[in-house]
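Containing mmCIF, C-alpha atoms: target_30.cif.
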data_query
#
loop_
_atom_site.label_atom_id
_atom_site.label_comp_id
_atom_site.auth_asym_id
_atom_site.auth_seq_id
_atom_site.Cartn_x
_atom_site.Cartn_y
_atom_site.Cartn_z
CA MET A 6 -129.52 -26.35 28.04
CA ASN A 7 -130.99 -25.54 24.67
CA ALA A 8 -133.40 -22.61 24.70
CA ILE A 9 -136.17 -24.80 23.30
CA ASP A 10 -136.29 -26.81 26.54
CA HIS A 11 -136.46 -23.70 28.70
CA PRO A 12 -139.59 -23.64 30.89
CA LEU A 13 -140.43 -20.10 29.71
CA VAL A 14 -140.39 -21.29 26.09
CA THR A 15 -142.53 -24.31 26.91
CA ALA A 16 -145.02 -22.06 28.71
CA TYR A 17 -145.03 -19.63 25.78
CA LEU A 18 -145.67 -22.34 23.18
CA ASP A 19 -148.37 -23.89 25.37
CA ALA A 20 -150.07 -20.50 25.61
CA VAL A 21 -149.98 -20.06 21.82
CA ALA A 22 -151.34 -23.59 21.39
CA ARG A 23 -154.20 -22.83 23.80
CA GLU A 24 -155.10 -19.58 22.07
CA THR A 25 -155.10 -21.18 18.61
CA ALA A 26 -157.45 -24.06 19.45
CA GLU A 27 -159.77 -22.93 16.65
CA LEU A 28 -157.10 -23.22 13.96
CA PRO A 29 -156.99 -26.33 11.76
CA ALA A 30 -154.57 -28.80 13.38
CA GLU A 31 -152.14 -28.62 10.47
CA ARG A 32 -151.94 -24.82 10.57
CA ARG A 33 -151.50 -24.83 14.31
CA ALA A 34 -148.66 -27.34 14.12
CA GLU A 35 -147.01 -25.25 11.41
CA LEU A 36 -147.18 -22.09 13.53
CA LEU A 37 -145.77 -23.83 16.60
CA ALA A 38 -142.96 -25.33 14.49
CA ASP A 39 -142.13 -21.88 13.10
CA LEU A 40 -142.02 -20.35 16.58
CA ARG A 41 -139.93 -23.23 17.87
CA GLU A 42 -137.48 -22.78 15.01
CA HIS A 43 -137.32 -19.05 15.74
CA VAL A 44 -136.38 -19.69 19.37
CA GLU A 45 -133.83 -22.35 18.40
CA ALA A 46 -132.19 -20.07 15.85
CA SER A 47 -131.92 -17.26 18.39
CA ASP A 48 -129.19 -19.06 20.31
CA ALA A 49 -130.48 -17.64 23.60
CA ARG A 50 -128.44 -19.03 26.49
CA ASP A 51 -129.67 -17.63 29.80
CA ASP A 52 -133.04 -16.61 31.24
CA ASP A 53 -132.68 -12.98 30.20
CA GLN A 54 -131.88 -13.85 26.61
CA VAL A 55 -134.80 -16.28 26.44
CA ARG A 56 -137.09 -13.61 27.86
CA GLU A 57 -135.84 -11.14 25.27
CA VAL A 58 -136.54 -13.54 22.38
CA LEU A 59 -140.06 -14.25 23.66
CA THR A 60 -140.77 -10.54 24.15
CA GLY A 61 -139.67 -9.98 20.57
CA LEU A 62 -142.14 -12.60 19.34
CA GLY A 63 -144.98 -10.76 21.07
CA GLU A 64 -147.79 -11.80 23.38
CA PRO A 65 -149.08 -15.35 22.67
CA ARG A 66 -152.53 -13.78 22.31
CA THR A 67 -151.28 -11.33 19.66
CA VAL A 68 -149.57 -14.06 17.66
CA ALA A 69 -152.66 -16.27 17.93
CA ALA A 70 -154.96 -13.44 16.84
CA SER A 71 -152.78 -12.83 13.83
CA ALA A 72 -152.87 -16.53 12.91
CA LEU A 73 -156.66 -16.62 13.22
CA SER A 74 -157.11 -13.50 11.09
CA GLU A 75 -154.77 -14.79 8.36
CA GLU A 76 -156.85 -17.95 8.33
CA THR A 77 -160.05 -16.17 7.26
CA PRO A 78 -159.10 -13.00 5.40
CA ALA A 79 -162.05 -10.64 5.02
CA GLY A 80 -164.27 -11.75 2.16
CA HIS A 81 -162.71 -15.21 1.87
CA ILE A 82 -164.64 -16.91 4.64
CA HIS A 83 -165.21 -20.49 3.63
CA PRO A 84 -168.13 -22.45 5.03
CA ALA A 85 -166.98 -24.88 7.68
CA PRO A 86 -166.42 -28.26 6.04
CA VAL A 87 -168.47 -31.22 7.22
CA ALA A 88 -166.40 -33.52 9.36
CA PRO A 89 -165.90 -36.59 7.12
CA GLY A 90 -167.27 -38.95 9.78
CA ARG A 91 -170.38 -36.88 10.22
CA ALA A 92 -171.00 -36.59 6.49
CA LYS A 93 -170.70 -40.36 6.11
CA LEU A 94 -173.06 -41.01 9.01
CA THR A 95 -175.61 -38.60 7.54
CA VAL A 96 -175.48 -40.27 4.14
CA ILE A 97 -175.63 -43.81 5.57
CA LEU A 98 -178.62 -43.00 7.79
CA LEU A 99 -180.56 -41.38 4.94
CA GLY A 100 -179.55 -44.01 2.38
CA CYS A 101 -180.57 -46.92 4.61
CA SER A 102 -183.74 -45.37 6.01
CA GLY A 103 -185.82 -46.72 3.08
CA PRO A 104 -185.07 -50.43 3.46
CA LEU A 105 -185.03 -50.01 7.27
CA LEU A 106 -188.53 -48.54 7.14
CA LEU A 107 -189.76 -51.59 5.26
CA ALA A 108 -188.11 -53.90 7.80
CA SER A 109 -189.10 -52.02 10.93
CA SER A 110 -191.07 -48.80 10.93
CA VAL A 111 -189.61 -47.73 14.31
CA VAL A 112 -185.94 -48.25 13.41
CA GLY A 113 -186.50 -46.73 9.96
CA THR A 114 -188.20 -43.65 11.37
CA ILE A 115 -185.42 -43.09 13.90
CA ALA A 116 -182.75 -43.42 11.19
CA LEU A 117 -184.67 -41.04 8.95
CA ILE A 118 -185.16 -38.36 11.64
CA ALA A 119 -181.53 -38.60 12.83
CA GLY A 120 -180.26 -38.39 9.25
CA LEU A 121 -182.41 -35.36 8.44
CA ALA A 122 -181.36 -33.59 11.64
CA LEU A 123 -177.67 -34.14 10.77
CA LEU A 124 -178.27 -33.05 7.19
CA TRP A 125 -179.99 -29.76 8.03
CA GLY A 126 -177.56 -29.03 10.85
CA ALA A 127 -174.50 -29.24 8.54
CA PRO A 128 -173.38 -25.89 7.09
CA ARG A 129 -171.44 -27.49 4.23
CA TRP A 130 -174.39 -28.66 2.17
CA GLU A 131 -176.28 -26.05 0.23
CA THR A 132 -180.04 -25.79 0.65
CA ARG A 133 -180.44 -27.37 -2.79
CA HIS A 134 -178.63 -30.52 -1.65
CA LYS A 135 -180.53 -30.58 1.62
CA VAL A 136 -183.84 -30.49 -0.29
CA ILE A 137 -182.73 -33.31 -2.63
CA GLY A 138 -181.52 -35.39 0.34
CA THR A 139 -184.77 -34.84 2.20
CA ALA A 140 -187.02 -35.54 -0.80
CA THR A 141 -185.27 -38.80 -1.70
CA ALA A 142 -185.26 -39.94 1.93
CA VAL A 143 -188.93 -39.24 2.66
CA ALA A 144 -190.10 -40.66 -0.70
CA VAL A 145 -190.24 -44.17 0.76
CA PRO A 146 -192.43 -43.44 3.82
CA VAL A 147 -194.65 -41.23 1.64
CA LEU A 148 -195.10 -44.04 -0.88
CA VAL A 149 -195.87 -46.58 1.86
CA PHE A 150 -198.32 -44.17 3.48
CA VAL A 151 -200.12 -43.34 0.24
CA GLY A 152 -200.21 -47.03 -0.67
CA ALA A 153 -201.76 -47.85 2.69
CA LEU A 154 -204.34 -45.07 2.27
CA LEU A 155 -205.37 -46.38 -1.12
CA GLY A 156 -205.73 -49.85 0.35
CA ALA A 157 -203.13 -51.20 -2.02
CA ALA A 158 -201.60 -53.30 0.73
CA SER A 159 -204.37 -55.86 0.36
CA ARG A 160 -203.70 -56.30 -3.38
CA ILE A 161 -199.91 -56.33 -3.39
CA GLY A 162 -198.50 -58.96 -5.69
CA PRO A 163 -194.91 -60.10 -6.26
CA ILE A 164 -194.39 -57.49 -9.03
CA GLU A 165 -195.59 -54.62 -6.83
CA LEU A 166 -193.46 -55.89 -3.95
CA LEU A 167 -190.40 -55.99 -6.19
CA LEU A 168 -191.10 -52.46 -7.46
CA LEU A 169 -191.55 -51.19 -3.89
CA LEU A 170 -188.28 -52.81 -2.85
CA ALA A 171 -186.41 -51.35 -5.83
CA PHE A 172 -187.91 -47.92 -5.13
CA SER A 173 -187.08 -47.96 -1.42
CA LEU A 174 -183.49 -49.05 -2.16
CA GLY A 175 -182.88 -46.94 -5.25
CA VAL A 176 -184.31 -43.51 -4.48
CA PRO A 177 -182.55 -42.94 -1.13
CA ALA A 178 -179.35 -44.32 -2.71
CA VAL A 179 -179.54 -41.70 -5.45
CA GLY A 180 -180.03 -38.99 -2.80
CA ALA A 181 -177.09 -40.31 -0.79
CA THR A 182 -174.87 -40.23 -3.89
CA VAL A 183 -175.80 -36.60 -4.59
CA LEU A 184 -174.92 -35.65 -1.00
CA LEU A 185 -171.59 -37.47 -1.09
CA ARG A 186 -170.61 -35.83 -4.37
CA ALA A 187 -171.49 -32.39 -2.99
CA VAL A 188 -169.11 -32.88 -0.05
CA ARG A 189 -166.24 -34.26 -2.15
CA ARG A 190 -166.36 -31.44 -4.69
CA MET B 11 -149.07 2.22 23.64
CA ASN B 12 -145.84 3.19 21.88
CA GLU B 13 -145.63 4.80 18.47
CA ALA B 14 -145.37 1.58 16.49
CA GLY B 15 -148.10 -0.20 18.47
CA GLY B 16 -151.02 2.19 17.91
CA ARG B 17 -154.08 1.56 15.80
CA VAL B 18 -152.90 3.51 12.74
CA PRO B 19 -149.51 1.78 12.40
CA SER B 20 -151.23 -1.55 12.92
CA GLN B 21 -153.76 -0.82 10.13
CA LEU B 22 -151.03 0.31 7.78
CA ARG B 23 -148.91 -2.74 8.52
CA LYS B 24 -151.82 -5.01 7.79
CA GLY B 25 -151.91 -3.84 4.19
CA LEU B 26 -148.22 -3.25 3.56
CA LEU B 27 -146.24 -5.87 5.43
CA GLU B 28 -146.80 -8.63 2.90
CA TYR B 29 -145.30 -6.52 0.10
CA CYS B 30 -142.27 -5.83 2.27
CA VAL B 31 -141.89 -9.60 2.69
CA LEU B 32 -142.16 -10.13 -1.07
CA ALA B 33 -139.62 -7.35 -1.66
CA LEU B 34 -137.16 -8.96 0.77
CA LEU B 35 -137.42 -12.19 -1.24
CA ARG B 36 -136.97 -10.54 -4.64
CA ASP B 37 -133.25 -11.24 -4.94
CA GLU B 38 -132.72 -14.41 -2.97
CA PRO B 39 -134.51 -17.02 -0.90
CA LYS B 40 -134.44 -16.41 2.82
CA TYR B 41 -135.35 -18.45 5.81
CA GLY B 42 -138.03 -17.44 8.26
CA VAL B 43 -135.90 -16.17 11.10
CA GLU B 44 -133.78 -14.17 8.66
CA LEU B 45 -136.89 -12.51 7.17
CA VAL B 46 -138.22 -11.66 10.60
CA ALA B 47 -134.90 -10.15 11.66
CA GLU B 48 -134.71 -7.95 8.55
CA LEU B 49 -138.28 -6.74 8.99
CA SER B 50 -137.82 -6.02 12.68
CA ALA B 51 -134.66 -4.05 11.97
CA VAL B 52 -137.04 -1.34 10.76
CA SER B 53 -138.97 -0.79 13.96
CA VAL B 54 -142.18 0.52 12.39
CA MET B 55 -142.67 -2.68 10.39
CA THR B 56 -143.34 -5.10 13.19
CA THR B 57 -143.99 -5.01 16.90
CA SER B 58 -144.61 -8.72 17.43
CA GLN B 59 -142.23 -10.80 15.35
CA GLY B 60 -144.32 -13.89 15.91
CA THR B 61 -147.14 -12.46 13.79
CA ILE B 62 -144.98 -12.72 10.67
CA TYR B 63 -145.14 -16.52 10.62
CA PRO B 64 -148.92 -16.69 10.07
CA LEU B 65 -148.45 -14.10 7.29
CA LEU B 66 -145.79 -16.27 5.64
CA SER B 67 -148.12 -19.25 5.91
CA ARG B 68 -150.89 -17.37 4.11
CA LEU B 69 -148.53 -16.15 1.37
CA ARG B 70 -147.50 -19.75 0.81
CA ARG B 71 -151.11 -20.95 0.64
CA GLU B 72 -151.91 -18.18 -1.83
CA GLY B 73 -148.96 -19.23 -4.00
CA LEU B 74 -147.03 -15.97 -3.65
CA VAL B 75 -144.08 -17.70 -2.01
CA ASP B 76 -142.84 -21.25 -1.98
CA THR B 77 -140.89 -23.07 0.69
CA GLU B 78 -138.04 -25.55 0.55
CA LEU B 79 -136.07 -27.29 3.25
CA ARG B 80 -132.35 -26.72 3.17
CA ASP B 81 -129.65 -28.13 5.40
CA SER B 82 -128.40 -25.74 8.01
CA PRO B 83 -124.74 -25.52 9.08
CA SER B 84 -125.96 -26.24 12.61
CA GLY B 85 -129.12 -27.85 13.84
CA PRO B 86 -132.14 -29.14 11.89
CA PRO B 87 -132.85 -28.21 8.22
CA ARG B 88 -134.29 -24.73 7.72
CA ARG B 89 -137.35 -23.74 5.76
CA TYR B 90 -136.43 -21.25 3.05
CA TYR B 91 -138.97 -18.99 1.37
CA THR B 92 -138.68 -18.16 -2.33
CA LEU B 93 -140.68 -15.74 -4.45
CA THR B 94 -142.92 -17.41 -7.06
CA ALA B 95 -143.88 -15.94 -10.43
CA VAL B 96 -147.26 -15.01 -8.93
CA GLY B 97 -145.50 -13.36 -6.00
CA LEU B 98 -143.24 -11.41 -8.31
CA ALA B 99 -146.24 -10.22 -10.36
CA SER B 100 -147.96 -9.08 -7.16
CA LEU B 101 -144.84 -7.26 -6.01
CA THR B 102 -144.44 -5.56 -9.41
CA GLU B 103 -148.06 -4.41 -9.32
CA PHE B 104 -147.59 -3.03 -5.82
CA ALA B 105 -144.35 -1.28 -6.75
CA ARG B 106 -146.18 0.47 -9.57
CA ALA B 107 -149.18 1.51 -7.47
CA TRP B 108 -147.37 2.50 -4.29
CA PRO B 109 -145.72 5.81 -5.43
CA LEU B 110 -149.08 7.06 -6.69
CA PHE B 111 -150.72 6.32 -3.34
CA ARG B 112 -147.80 7.70 -1.36
CA ASP B 113 -147.84 10.96 -3.36
CA ALA B 114 -151.62 11.25 -3.10
CA VAL B 115 -151.57 10.80 0.69
CA ASP B 116 -148.71 13.30 1.01
CA HIS B 117 -150.70 15.72 -1.09
CA PHE B 118 -153.74 15.58 1.16
CA LEU B 119 -151.66 15.72 4.32
CA THR B 120 -149.62 18.74 3.34
CA ASP B 121 -151.96 20.82 1.20
CA PRO B 122 -155.51 19.46 1.22
CA GLN B 123 -156.98 22.53 -0.52
CA GLY B 124 -154.33 22.95 -3.19
CA ASP B 125 -154.34 21.68 -6.75
CA PRO B 126 -153.46 18.06 -7.17
CA ALA B 127 -149.83 17.63 -8.08
#
Kindly transcribe the structure held in the file into structure tokens.
Amino acid sequence: MNAIDHPLVTAYLDAVARETAELPAERRAELLADLREHVEASDARDDDQVREVLTGLGEPRTVAASALSEETPAGHIHPAPVAPGRAKLTVILLGCSGPLLLASSVVGTIALIAGLALLWGAPRWETRHKVIGTATAVAVPVLVFVGALLGAASRIGPIELLLLLAFSLGVPAVGATVLLRAVRR
Amino acid sequence: MNEAGGRVPSQLRKGLLEYCVLALLRDEPKYGVELVAELSAVSVMTTSQGTIYPLLSRLRREGLVDTELRDSPSGPPRRYYTLTAVGLASLTEFARAWPLFRDAVDHFLTDPQGDPA
């Protein structure tokens, strides 16, 4: 039996995998492949030899701690990236909240609030981007509200309607583009 | 806690081990298991061999070493580590600085009140 199929080795690798759950998947796979290669190269034949190789590698916890500390060396801590799916959802919600608000104030408001919550909860965007995203997204409801206050709704003509439509499509779209660019940088 | 596993050796290793790895690669590429074996042959350098692999991974990401797959006489291809130009520059810088630090530490340990050498 090859050492790599030995139950002690399997248990060891499983323990390292468990302890490194926080590592990026790629880094974790690399570490496990390295350890596997180490065991394979050792040519351990019986239980005692396998035990000796694993003891030499060190406690799974020690190896995992070393991997985690090499991942974020002091002073080089990077902000956690936004999960791509989450970033997209945030941008879509904010970008569509304008036209949605015009179509249905309830749906639009929900999209807007959900988008803003996702935006401000994401560590990847800087405050600057969050402010831009928020301003462009709330511009549409603010405009509609102010328009209603001024009683403009009663005198809206085709030109005004067109302008309102362009505004509610364009401004959140600009904000969404800024947010997307910030994540891709 | 044995001599090599205490807090002081562990702190020292943290700063020095990577230069030992670079030094081992100065003359020829080596594969991971080979590097680990050579480091562990000097007992003070490593207590848990498995911790060297994350170090190698970081050195690769920082561009100090490069890896290439080579066929092995037996079994699957092996990942060999080579020193890059950046790695060599880092090693050269360390080799220049190290004797000064070593002498300074020795100086304070042996004769803290005396004149600097």
> Which residues match the PyMOL selection byres ((chain B) within 12 of (chain A)) in the file above, as an MDAnalysis selection string?
Replying inline: chainID B and resid 15 20 24:25 28 41:47 50:51 53 56:72 82:90
>> At a cut-off of 12 Å, using only C-alpha atoms, what residues contact A:Leu121? Leave out same-chain residues fewer than 2 positions from it and give the result as a ChimeraX atom specification.
In response: /A:92,94-100,102,114-119,123-127,134-143,181
> So how many Å separate atom CA of A:Arg23 and atom CA of A:Asp52, to one decimal?
Replying inline: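 Distance between the two atoms: 23.3 Å.
Interatomic distance, atom CA of B:Lys40 to atom CA of A:Ile9: 22.2 Å.
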> Using the chain letters and numbers from the file, which residues does the PyMOL selection byres ((chain B and resi 92-104) around 7) grab, as a ChimeraX atom specification?
Replying inline: /B:29,32-33,35-36,39-40,73-77,90-91,105-108
> Distance atom CA of A:Val145-atom CA of A:Leu106, one decimal place?
Replying inline: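 The value is 7.9 Å.
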>> At a cut-off of 10 Å around the point (-191.3, -49.4, -0.3) (file coordinates), what residues fall inside when counting all atoms listed in the file? I'd like the answer as JSON, numbers by chain.
In response: {"A": [103, 104, 105, 106, 107, 108, 144, 145, 146, 147, 148, 149, 150, 152, 165, 166, 167, 168, 169, 170, 171, 172, 173, 174]}
> If we count all atoms listed in the file, what is near A:Ala187 at a cut-off of 9 Å, once residues fewer than 5 positions away on the same chain are taken out, given as a PyMOL selection string?
Replying inline: chain A and resi 129-131+134+182
> Which residues, written as a count of residues only, have at least one atom at most 8 Å from B:Cys30, with all atoms listed in the file counted and residues fewer than 4 positions away on the same chain left out?
Replying inline: 3
